[in-house]
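*Asks:* This is the content of target-v3.txt (compact mmCIF, N, CA and C atoms and all ligand atoms):
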# COMPACT_ATOMS: atom_id res chain seq x y z
N MET Q 1 0.86 -1.21 0.00
CA MET Q 1 0.00 0.00 0.00
C MET Q 1 0.88 1.24 0.00
N ALA Q 2 0.75 2.06 -1.00
CA ALA Q 2 1.65 3.19 -1.22
C ALA Q 2 1.68 4.17 -0.05
N ASP Q 3 0.54 4.44 0.54
CA ASP Q 3 0.50 5.48 1.56
C ASP Q 3 0.51 4.95 2.98
N CYS Q 4 0.81 3.69 3.15
CA CYS Q 4 0.73 3.08 4.48
C CYS Q 4 2.07 3.21 5.21
N ILE Q 5 2.04 3.87 6.36
CA ILE Q 5 3.27 4.12 7.12
C ILE Q 5 3.94 2.82 7.56
N PHE Q 6 3.14 1.81 7.94
CA PHE Q 6 3.74 0.57 8.40
C PHE Q 6 4.28 -0.25 7.23
N CYS Q 7 3.66 -0.18 6.07
CA CYS Q 7 4.25 -0.81 4.88
C CYS Q 7 5.62 -0.18 4.59
N LYS Q 8 5.72 1.13 4.78
CA LYS Q 8 7.00 1.80 4.51
C LYS Q 8 8.06 1.38 5.52
N ILE Q 9 7.66 1.19 6.77
CA ILE Q 9 8.62 0.70 7.78
C ILE Q 9 9.06 -0.73 7.43
N VAL Q 10 8.10 -1.58 7.06
CA VAL Q 10 8.43 -2.96 6.69
C VAL Q 10 9.39 -2.98 5.50
N ALA Q 11 9.19 -2.07 4.56
CA ALA Q 11 10.03 -2.03 3.36
C ALA Q 11 11.36 -1.32 3.61
N GLY Q 12 11.55 -0.73 4.80
CA GLY Q 12 12.78 -0.02 5.11
C GLY Q 12 12.83 1.36 4.47
N GLU Q 13 11.67 1.87 4.03
CA GLU Q 13 11.64 3.17 3.35
C GLU Q 13 11.61 4.34 4.33
N ILE Q 14 11.12 4.09 5.55
CA ILE Q 14 11.25 5.10 6.60
C ILE Q 14 11.82 4.41 7.84
N PRO Q 15 12.59 5.16 8.64
CA PRO Q 15 13.28 4.52 9.76
C PRO Q 15 12.35 4.12 10.89
N ALA Q 16 12.74 3.08 11.59
CA ALA Q 16 12.05 2.65 12.81
C ALA Q 16 13.08 1.92 13.65
N ASP Q 17 12.81 1.88 14.95
CA ASP Q 17 13.71 1.18 15.88
C ASP Q 17 13.28 -0.29 15.92
N LEU Q 18 13.81 -1.08 15.01
CA LEU Q 18 13.41 -2.49 14.87
C LEU Q 18 13.94 -3.30 16.03
N VAL Q 19 13.11 -4.19 16.57
CA VAL Q 19 13.57 -5.06 17.65
C VAL Q 19 13.52 -6.54 17.27
N ALA Q 20 12.77 -6.90 16.25
CA ALA Q 20 12.72 -8.30 15.81
C ALA Q 20 12.15 -8.36 14.40
N GLN Q 21 12.59 -9.38 13.66
CA GLN Q 21 12.04 -9.61 12.32
C GLN Q 21 11.97 -11.10 12.08
N THR Q 22 10.88 -11.55 11.45
CA THR Q 22 10.78 -12.93 11.00
C THR Q 22 10.32 -12.89 9.54
N GLU Q 23 10.10 -14.06 8.99
CA GLU Q 23 9.68 -14.13 7.58
C GLU Q 23 8.37 -13.38 7.35
N THR Q 24 7.49 -13.39 8.34
CA THR Q 24 6.15 -12.82 8.13
C THR Q 24 5.84 -11.61 9.02
N ALA Q 25 6.71 -11.28 9.97
CA ALA Q 25 6.39 -10.22 10.93
C ALA Q 25 7.60 -9.33 11.21
N VAL Q 26 7.30 -8.08 11.57
CA VAL Q 26 8.34 -7.11 11.93
C VAL Q 26 7.91 -6.43 13.22
N ALA Q 27 8.85 -6.27 14.16
CA ALA Q 27 8.55 -5.61 15.44
C ALA Q 27 9.44 -4.39 15.58
N PHE Q 28 8.83 -3.27 15.99
CA PHE Q 28 9.58 -2.02 16.17
C PHE Q 28 8.95 -1.22 17.31
N ARG Q 29 9.75 -0.32 17.90
CA ARG Q 29 9.26 0.47 19.04
C ARG Q 29 8.25 1.50 18.58
N ASP Q 30 7.19 1.65 19.40
CA ASP Q 30 6.18 2.68 19.12
C ASP Q 30 6.82 4.06 19.27
N LEU Q 31 6.45 4.96 18.36
CA LEU Q 31 6.97 6.33 18.37
C LEU Q 31 6.55 7.09 19.62
N ASN Q 32 5.42 6.72 20.18
CA ASN Q 32 4.85 7.43 21.33
C ASN Q 32 4.55 6.41 22.43
N PRO Q 33 5.62 5.92 23.10
CA PRO Q 33 5.46 4.77 24.00
C PRO Q 33 4.57 5.05 25.20
N GLN Q 34 3.73 4.08 25.52
CA GLN Q 34 2.79 4.19 26.64
C GLN Q 34 3.24 3.33 27.82
N ALA Q 35 4.39 2.72 27.73
CA ALA Q 35 4.94 1.89 28.81
C ALA Q 35 6.45 1.80 28.55
N PRO Q 36 7.23 1.40 29.55
CA PRO Q 36 8.68 1.27 29.34
C PRO Q 36 9.03 0.41 28.13
N LEU Q 37 8.27 -0.66 27.93
CA LEU Q 37 8.39 -1.42 26.67
C LEU Q 37 7.07 -1.25 25.92
N HIS Q 38 7.14 -0.65 24.75
CA HIS Q 38 5.95 -0.52 23.89
C HIS Q 38 6.41 -0.76 22.46
N VAL Q 39 6.09 -1.95 22.01
CA VAL Q 39 6.52 -2.39 20.68
C VAL Q 39 5.27 -2.70 19.86
N LEU Q 40 5.36 -2.46 18.56
CA LEU Q 40 4.30 -2.86 17.63
C LEU Q 40 4.82 -4.03 16.81
N VAL Q 41 4.02 -5.07 16.71
CA VAL Q 41 4.38 -6.21 15.85
C VAL Q 41 3.39 -6.22 14.70
N VAL Q 42 3.91 -6.14 13.49
CA VAL Q 42 3.04 -6.01 12.31
C VAL Q 42 3.33 -7.13 11.32
N PRO Q 43 2.30 -7.55 10.57
CA PRO Q 43 2.55 -8.50 9.48
C PRO Q 43 3.25 -7.77 8.32
N ARG Q 44 4.07 -8.48 7.58
CA ARG Q 44 4.68 -7.88 6.39
C ARG Q 44 3.61 -7.58 5.34
N THR Q 45 2.56 -8.39 5.33
CA THR Q 45 1.45 -8.21 4.39
C THR Q 45 0.57 -7.05 4.86
N HIS Q 46 0.15 -6.21 3.91
CA HIS Q 46 -0.78 -5.15 4.27
C HIS Q 46 -2.20 -5.69 4.38
N VAL Q 47 -2.74 -5.64 5.58
CA VAL Q 47 -4.17 -5.91 5.81
C VAL Q 47 -4.62 -4.86 6.81
N ALA Q 48 -5.90 -4.49 6.77
CA ALA Q 48 -6.38 -3.35 7.55
C ALA Q 48 -6.42 -3.63 9.05
N ASN Q 49 -6.70 -4.87 9.41
CA ASN Q 49 -6.85 -5.17 10.84
C ASN Q 49 -6.63 -6.66 11.09
N VAL Q 50 -6.63 -7.03 12.37
CA VAL Q 50 -6.27 -8.41 12.71
C VAL Q 50 -7.32 -9.43 12.24
N ALA Q 51 -8.57 -9.01 12.16
CA ALA Q 51 -9.60 -9.95 11.69
C ALA Q 51 -9.38 -10.29 10.22
N GLU Q 52 -8.98 -9.27 9.46
CA GLU Q 52 -8.67 -9.52 8.04
C GLU Q 52 -7.44 -10.42 7.92
N LEU Q 53 -6.49 -10.21 8.83
CA LEU Q 53 -5.29 -11.05 8.82
C LEU Q 53 -5.67 -12.50 9.14
N ALA Q 54 -6.60 -12.69 10.07
CA ALA Q 54 -7.04 -14.05 10.43
C ALA Q 54 -7.66 -14.75 9.22
N ASP Q 55 -8.42 -14.00 8.43
CA ASP Q 55 -9.03 -14.58 7.23
C ASP Q 55 -8.00 -14.91 6.16
N ARG Q 56 -7.04 -14.02 5.99
CA ARG Q 56 -6.12 -14.17 4.85
C ARG Q 56 -4.87 -14.96 5.16
N GLU Q 57 -4.40 -14.86 6.42
CA GLU Q 57 -3.08 -15.41 6.76
C GLU Q 57 -3.09 -15.81 8.23
N ALA Q 58 -3.89 -16.81 8.55
CA ALA Q 58 -4.14 -17.14 9.95
C ALA Q 58 -2.85 -17.44 10.73
N GLU Q 59 -1.93 -18.11 10.10
CA GLU Q 59 -0.70 -18.47 10.81
C GLU Q 59 0.08 -17.22 11.24
N THR Q 60 -0.05 -16.14 10.49
CA THR Q 60 0.69 -14.92 10.85
C THR Q 60 0.13 -14.29 12.12
N VAL Q 61 -1.14 -14.51 12.42
CA VAL Q 61 -1.69 -14.01 13.69
C VAL Q 61 -0.92 -14.66 14.85
N ALA Q 62 -0.73 -15.95 14.76
CA ALA Q 62 0.04 -16.66 15.80
C ALA Q 62 1.49 -16.18 15.82
N GLU Q 63 2.03 -15.90 14.66
CA GLU Q 63 3.42 -15.42 14.60
C GLU Q 63 3.57 -14.07 15.31
N LEU Q 64 2.59 -13.18 15.16
CA LEU Q 64 2.66 -11.89 15.86
C LEU Q 64 2.74 -12.12 17.37
N VAL Q 65 1.96 -13.07 17.87
CA VAL Q 65 1.94 -13.35 19.31
C VAL Q 65 3.28 -13.96 19.74
N ARG Q 66 3.82 -14.87 18.94
CA ARG Q 66 5.11 -15.47 19.30
C ARG Q 66 6.22 -14.42 19.34
N VAL Q 67 6.22 -13.53 18.35
CA VAL Q 67 7.23 -12.46 18.33
C VAL Q 67 7.07 -11.58 19.56
N ALA Q 68 5.83 -11.24 19.89
CA ALA Q 68 5.56 -10.41 21.08
C ALA Q 68 6.13 -11.08 22.33
N ARG Q 69 5.82 -12.35 22.51
CA ARG Q 69 6.32 -13.10 23.67
C ARG Q 69 7.85 -13.04 23.74
N ASP Q 70 8.51 -13.23 22.62
CA ASP Q 70 9.97 -13.25 22.60
C ASP Q 70 10.57 -11.87 22.89
N VAL Q 71 9.93 -10.83 22.36
CA VAL Q 71 10.41 -9.46 22.60
C VAL Q 71 10.31 -9.13 24.09
N VAL Q 72 9.22 -9.53 24.72
CA VAL Q 72 9.03 -9.29 26.15
C VAL Q 72 10.10 -10.05 26.95
N ALA Q 73 10.30 -11.30 26.61
CA ALA Q 73 11.29 -12.11 27.33
C ALA Q 73 12.69 -11.53 27.15
N ASP Q 74 13.02 -11.12 25.93
CA ASP Q 74 14.35 -10.55 25.67
C ASP Q 74 14.57 -9.27 26.48
N ALA Q 75 13.48 -8.53 26.74
CA ALA Q 75 13.59 -7.29 27.51
C ALA Q 75 13.58 -7.56 29.01
N GLY Q 76 13.41 -8.81 29.41
CA GLY Q 76 13.49 -9.18 30.82
C GLY Q 76 12.20 -9.00 31.60
N HIS Q 77 11.07 -8.88 30.89
CA HIS Q 77 9.77 -8.73 31.57
C HIS Q 77 9.05 -10.08 31.60
N GLU Q 78 8.09 -10.18 32.53
CA GLU Q 78 7.29 -11.41 32.62
C GLU Q 78 5.85 -11.14 32.23
N SER Q 79 5.28 -10.03 32.77
CA SER Q 79 3.89 -9.69 32.47
C SER Q 79 3.83 -8.72 31.31
N TYR Q 80 2.79 -8.86 30.51
CA TYR Q 80 2.65 -7.95 29.38
C TYR Q 80 1.20 -7.91 28.91
N ARG Q 81 0.88 -6.83 28.22
CA ARG Q 81 -0.45 -6.70 27.64
C ARG Q 81 -0.34 -6.64 26.13
N LEU Q 82 -1.19 -7.40 25.46
CA LEU Q 82 -1.26 -7.40 23.99
C LEU Q 82 -2.59 -6.79 23.57
N VAL Q 83 -2.55 -5.84 22.64
CA VAL Q 83 -3.77 -5.13 22.23
C VAL Q 83 -3.81 -5.01 20.72
N PHE Q 84 -4.96 -5.35 20.13
CA PHE Q 84 -5.23 -5.04 18.73
C PHE Q 84 -6.38 -4.03 18.71
N ASN Q 85 -6.11 -2.75 18.61
CA ASN Q 85 -7.19 -1.79 18.42
C ASN Q 85 -7.77 -2.04 17.03
N THR Q 86 -9.08 -2.20 16.96
CA THR Q 86 -9.71 -2.56 15.68
C THR Q 86 -10.91 -1.65 15.44
N GLY Q 87 -10.74 -0.71 14.50
CA GLY Q 87 -11.78 0.27 14.21
C GLY Q 87 -11.51 1.57 14.94
N GLU Q 88 -11.97 2.66 14.34
CA GLU Q 88 -11.68 4.00 14.87
C GLU Q 88 -12.16 4.19 16.30
N GLU Q 89 -13.36 3.71 16.59
CA GLU Q 89 -13.92 3.94 17.92
C GLU Q 89 -13.10 3.22 19.00
N ALA Q 90 -12.45 2.17 18.61
CA ALA Q 90 -11.61 1.41 19.55
C ALA Q 90 -10.20 1.97 19.64
N GLY Q 91 -9.93 3.03 18.88
CA GLY Q 91 -8.62 3.68 18.99
C GLY Q 91 -7.65 3.35 17.87
N GLN Q 92 -8.11 2.63 16.84
CA GLN Q 92 -7.19 2.32 15.74
C GLN Q 92 -6.97 3.58 14.89
N SER Q 93 -5.70 3.93 14.68
CA SER Q 93 -5.39 5.10 13.86
C SER Q 93 -4.56 4.75 12.64
N VAL Q 94 -3.91 3.59 12.66
CA VAL Q 94 -3.14 3.13 11.50
C VAL Q 94 -3.81 1.85 11.01
N PHE Q 95 -4.22 1.86 9.75
CA PHE Q 95 -5.03 0.74 9.24
C PHE Q 95 -4.19 -0.29 8.49
N HIS Q 96 -3.11 -0.67 9.15
CA HIS Q 96 -2.29 -1.83 8.82
C HIS Q 96 -2.24 -2.60 10.15
N ALA Q 97 -2.72 -3.82 10.15
CA ALA Q 97 -2.84 -4.58 11.40
C ALA Q 97 -1.57 -4.48 12.24
N HIS Q 98 -1.74 -4.29 13.55
CA HIS Q 98 -0.56 -4.21 14.43
C HIS Q 98 -0.95 -4.63 15.83
N LEU Q 99 -0.04 -5.36 16.44
CA LEU Q 99 -0.22 -5.83 17.82
C LEU Q 99 0.61 -4.93 18.73
N HIS Q 100 -0.08 -4.23 19.65
CA HIS Q 100 0.65 -3.46 20.67
C HIS Q 100 1.14 -4.42 21.74
N VAL Q 101 2.40 -4.27 22.12
CA VAL Q 101 3.00 -5.05 23.21
C VAL Q 101 3.45 -4.07 24.27
N LEU Q 102 2.83 -4.15 25.45
CA LEU Q 102 3.10 -3.18 26.52
C LEU Q 102 3.59 -3.92 27.75
N ALA Q 103 4.70 -3.46 28.32
CA ALA Q 103 5.24 -4.12 29.51
C ALA Q 103 6.13 -3.15 30.27
N GLY Q 104 6.41 -3.51 31.53
CA GLY Q 104 7.38 -2.74 32.30
C GLY Q 104 6.78 -1.83 33.33
N ARG Q 105 5.45 -1.84 33.45
CA ARG Q 105 4.79 -1.07 34.52
C ARG Q 105 3.47 -1.77 34.84
N PRO Q 106 2.93 -1.52 36.05
CA PRO Q 106 1.61 -2.07 36.37
C PRO Q 106 0.57 -1.48 35.42
N GLN Q 107 -0.38 -2.29 34.99
CA GLN Q 107 -1.40 -1.82 34.05
C GLN Q 107 -2.79 -2.06 34.64
N SER Q 108 -3.62 -1.04 34.54
CA SER Q 108 -4.95 -1.13 35.17
C SER Q 108 -5.96 -1.73 34.20
N TRP Q 109 -7.10 -2.13 34.75
CA TRP Q 109 -8.21 -2.66 33.97
C TRP Q 109 -9.49 -2.15 34.59
N PRO Q 110 -10.50 -1.69 33.86
CA PRO Q 110 -10.58 -1.71 32.39
C PRO Q 110 -9.74 -0.60 31.76
N PRO Q 111 -9.38 -0.78 30.49
CA PRO Q 111 -8.65 0.25 29.77
C PRO Q 111 -9.56 1.44 29.47
N GLY Q 112 -8.99 2.56 29.13
CA GLY Q 112 -9.78 3.77 28.86
C GLY Q 112 -10.47 3.72 27.52
P1 LIG G 201 -3.34 2.50 16.83
O1 LIG G 201 -3.80 3.82 17.40
O2 LIG G 201 -3.67 2.40 15.36
O3 LIG G 201 -3.76 1.30 17.61
O4 LIG G 201 -1.77 2.50 16.97
C1 LIG G 201 -0.91 3.13 16.10
C2 LIG G 201 0.39 3.31 16.83
O5 LIG G 201 1.38 3.60 15.87
C3 LIG G 201 0.39 4.48 17.83
O6 LIG G 201 0.69 3.97 19.12
C4 LIG G 201 1.46 5.41 17.30
O7 LIG G 201 2.22 5.99 18.33
C5 LIG G 201 2.28 4.51 16.42
N1 LIG G 201 2.89 5.16 15.27
C6 LIG G 201 2.27 6.00 14.39
N2 LIG G 201 3.13 6.37 13.43
C7 LIG G 201 4.32 5.78 13.71
C8 LIG G 201 5.59 5.78 13.09
O8 LIG G 201 5.82 6.42 12.06
N3 LIG G 201 6.57 5.04 13.68
C9 LIG G 201 6.36 4.32 14.82
N4 LIG G 201 7.40 3.64 15.31
N5 LIG G 201 5.16 4.29 15.42
C10 LIG G 201 4.16 5.00 14.89
ZN ZN G 202 0.43 -1.36 5.20
Translate this structure into structure tokens?

*Replies:*
Amino acid sequence: MADCIFCKIVAGEIPADLVAQTETAVAFRDLNPQAPLHVLVVPRTHVANVAELADREAETVAELVRVARDVVADAGHESYRLVFNTGEEAGQSVFHAHLHVLAGRPQSWPPG
């Protein structure tokens, strides 16, 4: 997708602080971190949200979770929160599926 910021990061066309890469997923630090560890794990394939990814490339959904787990472990954390904001009302602002990985501080529930 020509105008997709995360496609450009995956392609190396704009810089990002990459923390992990696999055949199907790329992980990089969020520009506006909400926790000491805040990483986004995205599929290399452009899809608008995680439900579309589940339909088109189900195995990659699991890969995003595995990468998230490994990034958290590498950073020395045990507890973490995984979030897929899906749709504008839920807070999605970039329409390339991405898994938020948040760790390193106590996190409250329910979320805002
Ligand atoms: P959403 O609101 O769609 O769930 O999450 C989008 C996330 O992408 C936000 O947390 C935002 O800070 C992050 N973000 C937006 N643009 C960029 C960028 O160019 N680089 C990085 N690393 N993160 C970005
Ligand atoms: Zn994209």

*Asks:* For atom C of Phe95 of chain Q and atom CA of Asp3 of chain Q, determine how far apart the two atoms are, in Å to one decimal place.

*Replies:* 10.2 Å

*Asks:* Determine, counting only C-alpha atoms, which protein, DNA and RNA residues have an atom within 9 Å of an atom of segment 11-19 of chain Q; residues of the same chain fewer than 5 positions away are not included. Present the result as number ranges by chain.

*Replies:* Q: 5-6, 26-31, 39, 44, 71

*Asks:* Using the selection just defined, write its residues with N, CA and C atoms as a PDB file, in the coordinates of the input.

*Replies:*
ATOM      1  N   ILE Q   5       2.040   3.870   6.360  1.00  0.00           N
ATOM      2  CA  ILE Q   5       3.270   4.120   7.120  1.00  0.00           C
ATOM      3  C   ILE Q   5       3.940   2.820   7.560  1.00  0.00           C
ATOM      4  N   PHE Q   6       3.140   1.810   7.940  1.00  0.00           N
ATOM      5  CA  PHE Q   6       3.740   0.570   8.400  1.00  0.00           C
ATOM      6  C   PHE Q   6       4.280  -0.250   7.230  1.00  0.00           C
ATOM      7  N   VAL Q  26       7.300  -8.080  11.570  1.00  0.00           N
ATOM      8  CA  VAL Q  26       8.340  -7.110  11.930  1.00  0.00           C
ATOM      9  C   VAL Q  26       7.910  -6.430  13.220  1.00  0.00           C
ATOM     10  N   ALA Q  27       8.850  -6.270  14.160  1.00  0.00           N
ATOM     11  CA  ALA Q  27       8.550  -5.610  15.440  1.00  0.00           C
ATOM     12  C   ALA Q  27       9.440  -4.390  15.580  1.00  0.00           C
ATOM     13  N   PHE Q  28       8.830  -3.270  15.990  1.00  0.00           N
ATOM     14  CA  PHE Q  28       9.580  -2.020  16.170  1.00  0.00           C
ATOM     15  C   PHE Q  28       8.950  -1.220  17.310  1.00  0.00           C
ATOM     16  N   ARG Q  29       9.750  -0.320  17.900  1.00  0.00           N
ATOM     17  CA  ARG Q  29       9.260   0.470  19.040  1.00  0.00           C
ATOM     18  C   ARG Q  29       8.250   1.500  18.580  1.00  0.00           C
ATOM     19  N   ASP Q  30       7.190   1.650  19.400  1.00  0.00           N
ATOM     20  CA  ASP Q  30       6.180   2.680  19.120  1.00  0.00           C
ATOM     21  C   ASP Q  30       6.820   4.060  19.270  1.00  0.00           C
ATOM     22  N   LEU Q  31       6.450   4.960  18.360  1.00  0.00           N
ATOM     23  CA  LEU Q  31       6.970   6.330  18.370  1.00  0.00           C
ATOM     24  C   LEU Q  31       6.550   7.090  19.620  1.00  0.00           C
ATOM     25  N   VAL Q  39       6.090  -1.950  22.010  1.00  0.00           N
ATOM     26  CA  VAL Q  39       6.520  -2.390  20.680  1.00  0.00           C
ATOM     27  C   VAL Q  39       5.270  -2.700  19.860  1.00  0.00           C
ATOM     28  N   ARG Q  44       4.070  -8.480   7.580  1.00  0.00           N
ATOM     29  CA  ARG Q  44       4.680  -7.880   6.390  1.00  0.00           C
ATOM     30  C   ARG Q  44       3.610  -7.580   5.340  1.00  0.00           C
ATOM     31  N   VAL Q  71       9.930 -10.830  22.360  1.00  0.00           N
ATOM     32  CA  VAL Q  71      10.410  -9.460  22.600  1.00  0.00           C
ATOM     33  C   VAL Q  71      10.310  -9.130  24.090  1.00  0.00           C
TER      34      VAL Q  71
END

*Asks:* Looking at Q:Pro33, Q:Ala103, Q:Leu82, Q:Cys7, which one is nearest to Arg66 of chain Q, with distances taken over only C-alpha atoms?

*Replies:*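 Of Q:Pro33, Q:Ala103, Q:Leu82, Q:Cys7, the one nearest Arg66 of chain Q, counting only C-alpha atoms, is Q:Leu82.
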
*Asks:* Just checking: using all atoms listed in the file, which residue out of Q:Ala97, Q:Glu59, Q:Leu40, Q:Tyr80 ends up closest to ligand ZN 202 (chain G)?

*Replies:*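 Comparing Q:Ala97, Q:Glu59, Q:Leu40, Q:Tyr80 against ligand ZN 202 (chain G), the winner is Q:Ala97.
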
*Asks:* Could you check the closest approach to ligand ZN 202 (chain G) for each of Q:Thr22, Q:Thr60, Q:Thr45, Q:Gln34 and tell me which residue wins, using all atoms listed in the file?

*Replies:* Q:Thr45

*Asks:* With distances taken over all atoms listed in the file, which of Q:Asp55, Q:Cys4, Q:Glu23, Q:His77 is nearest to Gly104 of chain Q?

*Replies:*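 Closest to Gly104 of chain Q, using all atoms listed in the file: Q:His77.
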
*Asks:* Taking all atoms of ligand LIG 201 (chain G) that appear in the file, build a box with edges along x, y and z, extend it by 5 Å on every side, and state its centre and edge lengths in Å to one decimal, as AutoDock Vina command-line options.

*Replies:*
--center_x 1.8 --center_y 3.9 --center_z 15.6 --size_x 21.2 --size_y 15.1 --size_z 17.1

*Asks:* I need the alpha helix (DSSP H) residues of chain Q per DSSP on the backbone, written as a ChimeraX atom specification.

*Replies:* /Q:5-10,50-56,58-74

*Asks:* Separation of atom N of Leu102 of chain Q and atom O8 of ligand LIG 201 (chain G), in Å?

*Replies:*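 Separation of atom N of Leu102 of chain Q and atom O8 of ligand LIG 201 (chain G): 17.3 Å.
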
*Asks:* Quick one: residues within 7 Å of segment 84-87 of chain Q, only C-alpha atoms counted, chain neighbours fewer than 6 positions away excluded, as an mmCIF file with N, CA and C atoms, in the frame of the given file?

*Replies:*
data_model
loop_
_atom_site.group_PDB
_atom_site.id
_atom_site.type_symbol
_atom_site.label_atom_id
_atom_site.label_comp_id
_atom_site.auth_asym_id
_atom_site.auth_seq_id
_atom_site.Cartn_x
_atom_site.Cartn_y
_atom_site.Cartn_z
ATOM 1 N N ASN Q 49 -6.700 -4.870 9.410
ATOM 2 C CA ASN Q 49 -6.850 -5.170 10.840
ATOM 3 C C ASN Q 49 -6.630 -6.660 11.090
ATOM 4 N N VAL Q 50 -6.630 -7.030 12.370
ATOM 5 C CA VAL Q 50 -6.270 -8.410 12.710
ATOM 6 C C VAL Q 50 -7.320 -9.430 12.240
ATOM 7 N N HIS Q 98 -1.740 -4.290 13.550
ATOM 8 C CA HIS Q 98 -0.560 -4.210 14.430
ATOM 9 C C HIS Q 98 -0.950 -4.630 15.830
ATOM 10 N N LEU Q 99 -0.040 -5.360 16.440
ATOM 11 C CA LEU Q 99 -0.220 -5.830 17.820
ATOM 12 C C LEU Q 99 0.610 -4.930 18.730
ATOM 13 N N HIS Q 100 -0.080 -4.230 19.650
ATOM 14 C CA HIS Q 100 0.650 -3.460 20.670
ATOM 15 C C HIS Q 100 1.140 -4.420 21.740
#

*Asks:* Taking only N, CA and C atoms into account, name the residue in Q:Glu78, Q:Ala73, Q:Val94, Q:Ser108 that is nearest to Ala48 of chain Q.

*Replies:* Q:Val94

*Asks:* Kindly give the distance, in Å, that separates atom CA of Val47 of chain Q and atom C of Ala25 of chain Q, rounded to a single decimal.

*Replies:* 13.4 Å

*Asks:* Using only N, CA and C atoms and all ligand atoms for the distances, tell me which of Q:Arg81, Q:His96, Q:His46, Q:Arg69 is nearest to ligand LIG 201 (chain G).

*Replies:* Q:His96

*Asks:* Please return as a ChimeraX atom specification: the residues of chain Q that backbone DSSP assigns to strand (DSSP E or B).

*Replies:* /Q:18-21,25-29,37-43,81-83,99-103

*Asks:* Generate the coordinates of N, CA, C and O atoms for segment 57-68 of chain Q; report them as a PDB file, in the coordinates of the input.

*Replies:*
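Resulting contents of part32.pdb:
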ATOM      1  N   GLU Q  57      -4.400 -14.860   6.420  1.00  0.00           N
ATOM      2  CA  GLU Q  57      -3.080 -15.410   6.760  1.00  0.00           C
ATOM      3  C   GLU Q  57      -3.090 -15.810   8.230  1.00  0.00           C
ATOM      4  O   GLU Q  57      -2.404 -15.203   9.057  1.00  0.00           O
ATOM      5  N   ALA Q  58      -3.890 -16.810   8.550  1.00  0.00           N
ATOM      6  CA  ALA Q  58      -4.140 -17.140   9.950  1.00  0.00           C
ATOM      7  C   ALA Q  58      -2.850 -17.440  10.730  1.00  0.00           C
ATOM      8  O   ALA Q  58      -2.710 -17.038  11.891  1.00  0.00           O
ATOM      9  N   GLU Q  59      -1.930 -18.110  10.100  1.00  0.00           N
ATOM     10  CA  GLU Q  59      -0.700 -18.470  10.810  1.00  0.00           C
ATOM     11  C   GLU Q  59       0.080 -17.220  11.240  1.00  0.00           C
ATOM     12  O   GLU Q  59       0.777 -17.233  12.266  1.00  0.00           O
ATOM     13  N   THR Q  60      -0.050 -16.140  10.490  1.00  0.00           N
ATOM     14  CA  THR Q  60       0.690 -14.920  10.850  1.00  0.00           C
ATOM     15  C   THR Q  60       0.130 -14.290  12.120  1.00  0.00           C
ATOM     16  O   THR Q  60       0.870 -13.623  12.860  1.00  0.00           O
ATOM     17  N   VAL Q  61      -1.140 -14.510  12.420  1.00  0.00           N
ATOM     18  CA  VAL Q  61      -1.690 -14.010  13.690  1.00  0.00           C
ATOM     19  C   VAL Q  61      -0.920 -14.660  14.850  1.00  0.00           C
ATOM     20  O   VAL Q  61      -0.500 -13.989  15.802  1.00  0.00           O
ATOM     21  N   ALA Q  62      -0.730 -15.950  14.760  1.00  0.00           N
ATOM     22  CA  ALA Q  62       0.040 -16.660  15.800  1.00  0.00           C
ATOM     23  C   ALA Q  62       1.490 -16.180  15.820  1.00  0.00           C
ATOM     24  O   ALA Q  62       2.089 -16.039  16.894  1.00  0.00           O
ATOM     25  N   GLU Q  63       2.030 -15.900  14.660  1.00  0.00           N
ATOM     26  CA  GLU Q  63       3.420 -15.420  14.600  1.00  0.00           C
ATOM     27  C   GLU Q  63       3.570 -14.070  15.310  1.00  0.00           C
ATOM     28  O   GLU Q  63       4.568 -13.835  16.012  1.00  0.00           O
ATOM     29  N   LEU Q  64       2.590 -13.180  15.160  1.00  0.00           N
ATOM     30  CA  LEU Q  64       2.660 -11.890  15.860  1.00  0.00           C
ATOM     31  C   LEU Q  64       2.740 -12.120  17.370  1.00  0.00           C
ATOM     32  O   LEU Q  64       3.515 -11.460  18.077  1.00  0.00           O
ATOM     33  N   VAL Q  65       1.960 -13.070  17.870  1.00  0.00           N
ATOM     34  CA  VAL Q  65       1.940 -13.350  19.310  1.00  0.00           C
ATOM     35  C   VAL Q  65       3.280 -13.960  19.740  1.00  0.00           C
ATOM     36  O   VAL Q  65       3.833 -13.601  20.788  1.00  0.00           O
ATOM     37  N   ARG Q  66       3.820 -14.870  18.940  1.00  0.00           N
ATOM     38  CA  ARG Q  66       5.110 -15.470  19.300  1.00  0.00           C
ATOM     39  C   ARG Q  66       6.220 -14.420  19.340  1.00  0.00           C
ATOM     40  O   ARG Q  66       7.056 -14.411  20.244  1.00  0.00           O
ATOM     41  N   VAL Q  67       6.220 -13.530  18.350  1.00  0.00           N
ATOM     42  CA  VAL Q  67       7.230 -12.460  18.330  1.00  0.00           C
ATOM     43  C   VAL Q  67       7.070 -11.580  19.560  1.00  0.00           C
ATOM     44  O   VAL Q  67       8.051 -11.214  20.219  1.00  0.00           O
ATOM     45  N   ALA Q  68       5.830 -11.240  19.890  1.00  0.00           N
ATOM     46  CA  ALA Q  68       5.560 -10.410  21.080  1.00  0.00           C
ATOM     47  C   ALA Q  68       6.130 -11.080  22.330  1.00  0.00           C
ATOM     48  O   ALA Q  68       6.831 -10.444  23.133  1.00  0.00           O
TER      49      ALA Q  68
END
